[in-house]
Amino acid sequence: QVQLVESGGGEVQAGESLRLSCRASGPISAIATVGWYRQTPGNERELVASIRSTAVRNYADSMKGRVTISRDNADTVSLQMNSLKSEDTAVYYCHIHHPWGSDAWGQGTQVTVSA
């Protein structure tokens, strides 16, 4: 089963940017969907953005215009986040879904945005 490792989280001021990376243990299939989710205490994980192949992208309404998801190479998907707000503070998780039913989550990376 593929393993995912996130990196790039940290603490920034409101209005600043962060780039999160999700590295898979092997090449990501072109037909797999890779998504970034986030979760705050007491709430369910919510989708931030997803990508399938190199061009099929989906963004949460709350993040449109502020985030870009991209496939950097065969095993890495990145999430560029700009104009961060305090309400973007959360643990961000990478997820991969294969059409044949094999899914995996990363361990998460903390993003903290100070007002």
# chains A, B, ... in the order shown; residues from 1 in each chain; ligands from 1
$ residues_around --residues "Ala74 (chain A)" --least-positions-apart "4" --cutoff "12 Å" --atoms "only C-alpha atoms" --output "PyMOL selection string"
chain A and resi 22-30+32+53-54+70+78
$ write_last_selection --atoms "all heavy atoms" --output "PDB file, in the first residue's frame"
ATOM      1  N   CYS A  22       3.246  16.679  -0.517  1.00  0.00           N
ATOM      2  CA  CYS A  22       2.817  15.318  -0.191  1.00  0.00           C
ATOM      3  C   CYS A  22       3.633  14.386  -1.081  1.00  0.00           C
ATOM      4  O   CYS A  22       3.474  14.408  -2.311  1.00  0.00           O
ATOM      5  CB  CYS A  22       1.338  15.147  -0.460  1.00  0.00           C
ATOM      6  SG  CYS A  22       0.741  13.444  -0.312  1.00  0.00           S
ATOM      7  N   ARG A  23       4.489  13.597  -0.455  1.00  0.00           N
ATOM      8  CA  ARG A  23       5.327  12.689  -1.220  1.00  0.00           C
ATOM      9  C   ARG A  23       4.861  11.263  -0.997  1.00  0.00           C
ATOM     10  O   ARG A  23       4.737  10.814   0.154  1.00  0.00           O
ATOM     11  CB  ARG A  23       6.789  12.825  -0.827  1.00  0.00           C
ATOM     12  CG  ARG A  23       7.719  11.968  -1.697  1.00  0.00           C
ATOM     13  CD  ARG A  23       9.160  12.319  -1.476  1.00  0.00           C
ATOM     14  NE  ARG A  23      10.020  11.551  -2.373  1.00  0.00           N
ATOM     15  CZ  ARG A  23      11.357  11.693  -2.423  1.00  0.00           C
ATOM     16  NH1 ARG A  23      11.946  12.585  -1.648  1.00  0.00           N
ATOM     17  NH2 ARG A  23      12.052  10.956  -3.268  1.00  0.00           N
ATOM     18  N   ALA A  24       4.610  10.563  -2.091  1.00  0.00           N
ATOM     19  CA  ALA A  24       4.193   9.166  -2.036  1.00  0.00           C
ATOM     20  C   ALA A  24       5.413   8.253  -2.058  1.00  0.00           C
ATOM     21  O   ALA A  24       6.491   8.648  -2.509  1.00  0.00           O
ATOM     22  CB  ALA A  24       3.274   8.857  -3.211  1.00  0.00           C
ATOM     23  N   SER A  25       5.202   7.026  -1.593  1.00  0.00           N
ATOM     24  CA  SER A  25       6.302   6.059  -1.536  1.00  0.00           C
ATOM     25  C   SER A  25       6.650   5.490  -2.899  1.00  0.00           C
ATOM     26  O   SER A  25       7.614   4.728  -3.014  1.00  0.00           O
ATOM     27  CB  SER A  25       5.950   4.929  -0.568  1.00  0.00           C
ATOM     28  OG  SER A  25       4.707   4.346  -0.909  1.00  0.00           O
ATOM     29  N   GLY A  26       5.860   5.847  -3.909  1.00  0.00           N
ATOM     30  CA  GLY A  26       6.124   5.405  -5.262  1.00  0.00           C
ATOM     31  C   GLY A  26       5.404   6.303  -6.244  1.00  0.00           C
ATOM     32  O   GLY A  26       4.723   7.247  -5.824  1.00  0.00           O
ATOM     33  N   PRO A  27       5.560   6.076  -7.514  1.00  0.00           N
ATOM     34  CA  PRO A  27       4.890   6.905  -8.517  1.00  0.00           C
ATOM     35  C   PRO A  27       3.384   6.910  -8.303  1.00  0.00           C
ATOM     36  O   PRO A  27       2.783   5.875  -8.023  1.00  0.00           O
ATOM     37  CB  PRO A  27       5.266   6.225  -9.843  1.00  0.00           C
ATOM     38  CG  PRO A  27       6.528   5.495  -9.544  1.00  0.00           C
ATOM     39  CD  PRO A  27       6.387   5.026  -8.130  1.00  0.00           C
ATOM     40  N   ILE A  28       2.795   8.075  -8.453  1.00  0.00           N
ATOM     41  CA  ILE A  28       1.354   8.214  -8.311  1.00  0.00           C
ATOM     42  C   ILE A  28       0.694   7.908  -9.644  1.00  0.00           C
ATOM     43  O   ILE A  28       1.034   8.513 -10.663  1.00  0.00           O
ATOM     44  CB  ILE A  28       0.995   9.641  -7.861  1.00  0.00           C
ATOM     45  CG1 ILE A  28       1.608   9.916  -6.484  1.00  0.00           C
ATOM     46  CG2 ILE A  28      -0.528   9.827  -7.810  1.00  0.00           C
ATOM     47  CD1 ILE A  28       1.470  11.364  -6.033  1.00  0.00           C
ATOM     48  N   SER A  29      -0.264   6.991  -9.617  1.00  0.00           N
ATOM     49  CA  SER A  29      -0.965   6.627 -10.844  1.00  0.00           C
ATOM     50  C   SER A  29      -1.675   7.838 -11.432  1.00  0.00           C
ATOM     51  O   SER A  29      -2.213   8.678 -10.707  1.00  0.00           O
ATOM     52  CB  SER A  29      -1.990   5.524 -10.549  1.00  0.00           C
ATOM     53  OG  SER A  29      -2.845   5.329 -11.650  1.00  0.00           O
ATOM     54  N   ALA A  30      -1.692   7.913 -12.745  1.00  0.00           N
ATOM     55  CA  ALA A  30      -2.355   9.024 -13.413  1.00  0.00           C
ATOM     56  C   ALA A  30      -3.858   9.021 -13.175  1.00  0.00           C
ATOM     57  O   ALA A  30      -4.508  10.070 -13.289  1.00  0.00           O
ATOM     58  CB  ALA A  30      -2.069   8.973 -14.922  1.00  0.00           C
ATOM     59  N   ALA A  32      -5.227   8.086 -10.266  1.00  0.00           N
ATOM     60  CA  ALA A  32      -5.498   8.269  -8.843  1.00  0.00           C
ATOM     61  C   ALA A  32      -5.868   9.723  -8.585  1.00  0.00           C
ATOM     62  O   ALA A  32      -5.433  10.632  -9.299  1.00  0.00           O
ATOM     63  CB  ALA A  32      -4.263   7.903  -8.023  1.00  0.00           C
ATOM     64  N   SER A  53      -4.795  13.070 -12.400  1.00  0.00           N
ATOM     65  CA  SER A  53      -3.897  13.256 -13.534  1.00  0.00           C
ATOM     66  C   SER A  53      -3.116  14.556 -13.285  1.00  0.00           C
ATOM     67  O   SER A  53      -2.682  14.809 -12.174  1.00  0.00           O
ATOM     68  CB  SER A  53      -4.698  13.300 -14.838  1.00  0.00           C
ATOM     69  OG  SER A  53      -3.820  13.375 -15.938  1.00  0.00           O
ATOM     70  N   THR A  54      -2.975  15.390 -14.286  1.00  0.00           N
ATOM     71  CA  THR A  54      -2.230  16.638 -14.074  1.00  0.00           C
ATOM     72  C   THR A  54      -3.093  17.872 -14.225  1.00  0.00           C
ATOM     73  O   THR A  54      -2.628  18.992 -13.977  1.00  0.00           O
ATOM     74  CB  THR A  54      -1.073  16.747 -15.077  1.00  0.00           C
ATOM     75  OG1 THR A  54      -1.600  16.712 -16.408  1.00  0.00           O
ATOM     76  CG2 THR A  54      -0.082  15.612 -14.901  1.00  0.00           C
ATOM     77  N   SER A  70      -0.960  21.054  -7.361  1.00  0.00           N
ATOM     78  CA  SER A  70      -0.218  20.687  -8.559  1.00  0.00           C
ATOM     79  C   SER A  70       0.551  19.396  -8.331  1.00  0.00           C
ATOM     80  O   SER A  70       0.889  19.056  -7.190  1.00  0.00           O
ATOM     81  CB  SER A  70       0.749  21.802  -8.960  1.00  0.00           C
ATOM     82  OG  SER A  70       1.685  22.052  -7.932  1.00  0.00           O
ATOM     83  N   SER A  78       1.763  19.051  -4.524  1.00  0.00           N
ATOM     84  CA  SER A  78       1.932  20.200  -3.647  1.00  0.00           C
ATOM     85  C   SER A  78       0.665  21.036  -3.556  1.00  0.00           C
ATOM     86  O   SER A  78      -0.182  20.996  -4.450  1.00  0.00           O
ATOM     87  CB  SER A  78       3.076  21.084  -4.154  1.00  0.00           C
ATOM     88  OG  SER A  78       4.306  20.414  -4.035  1.00  0.00           O
TER      89      SER A  78
END
$ select_by_dssp --residues "chain A" --states "strand (DSSP E or B)" --output "PyMOL selection string"
chain A and resi 4-7+10-13+18-24+33-39+46-52+56-59+67-73+76-81+90-97+103-105+109-114
$ closest_residue --among "A:Ala115, A:Trp105, A:Thr89, A:Ile96" --to "Asp75 (chain A)" --atoms "only C-alpha atoms"
A:Ile96
$ residues_around --residues "region 5-12 of chain A" --least-positions-apart "3" --cutoff "6 Å" --atoms "only C-alpha atoms" --output "PyMOL selection string"
chain A and resi 19-23+106+109-113
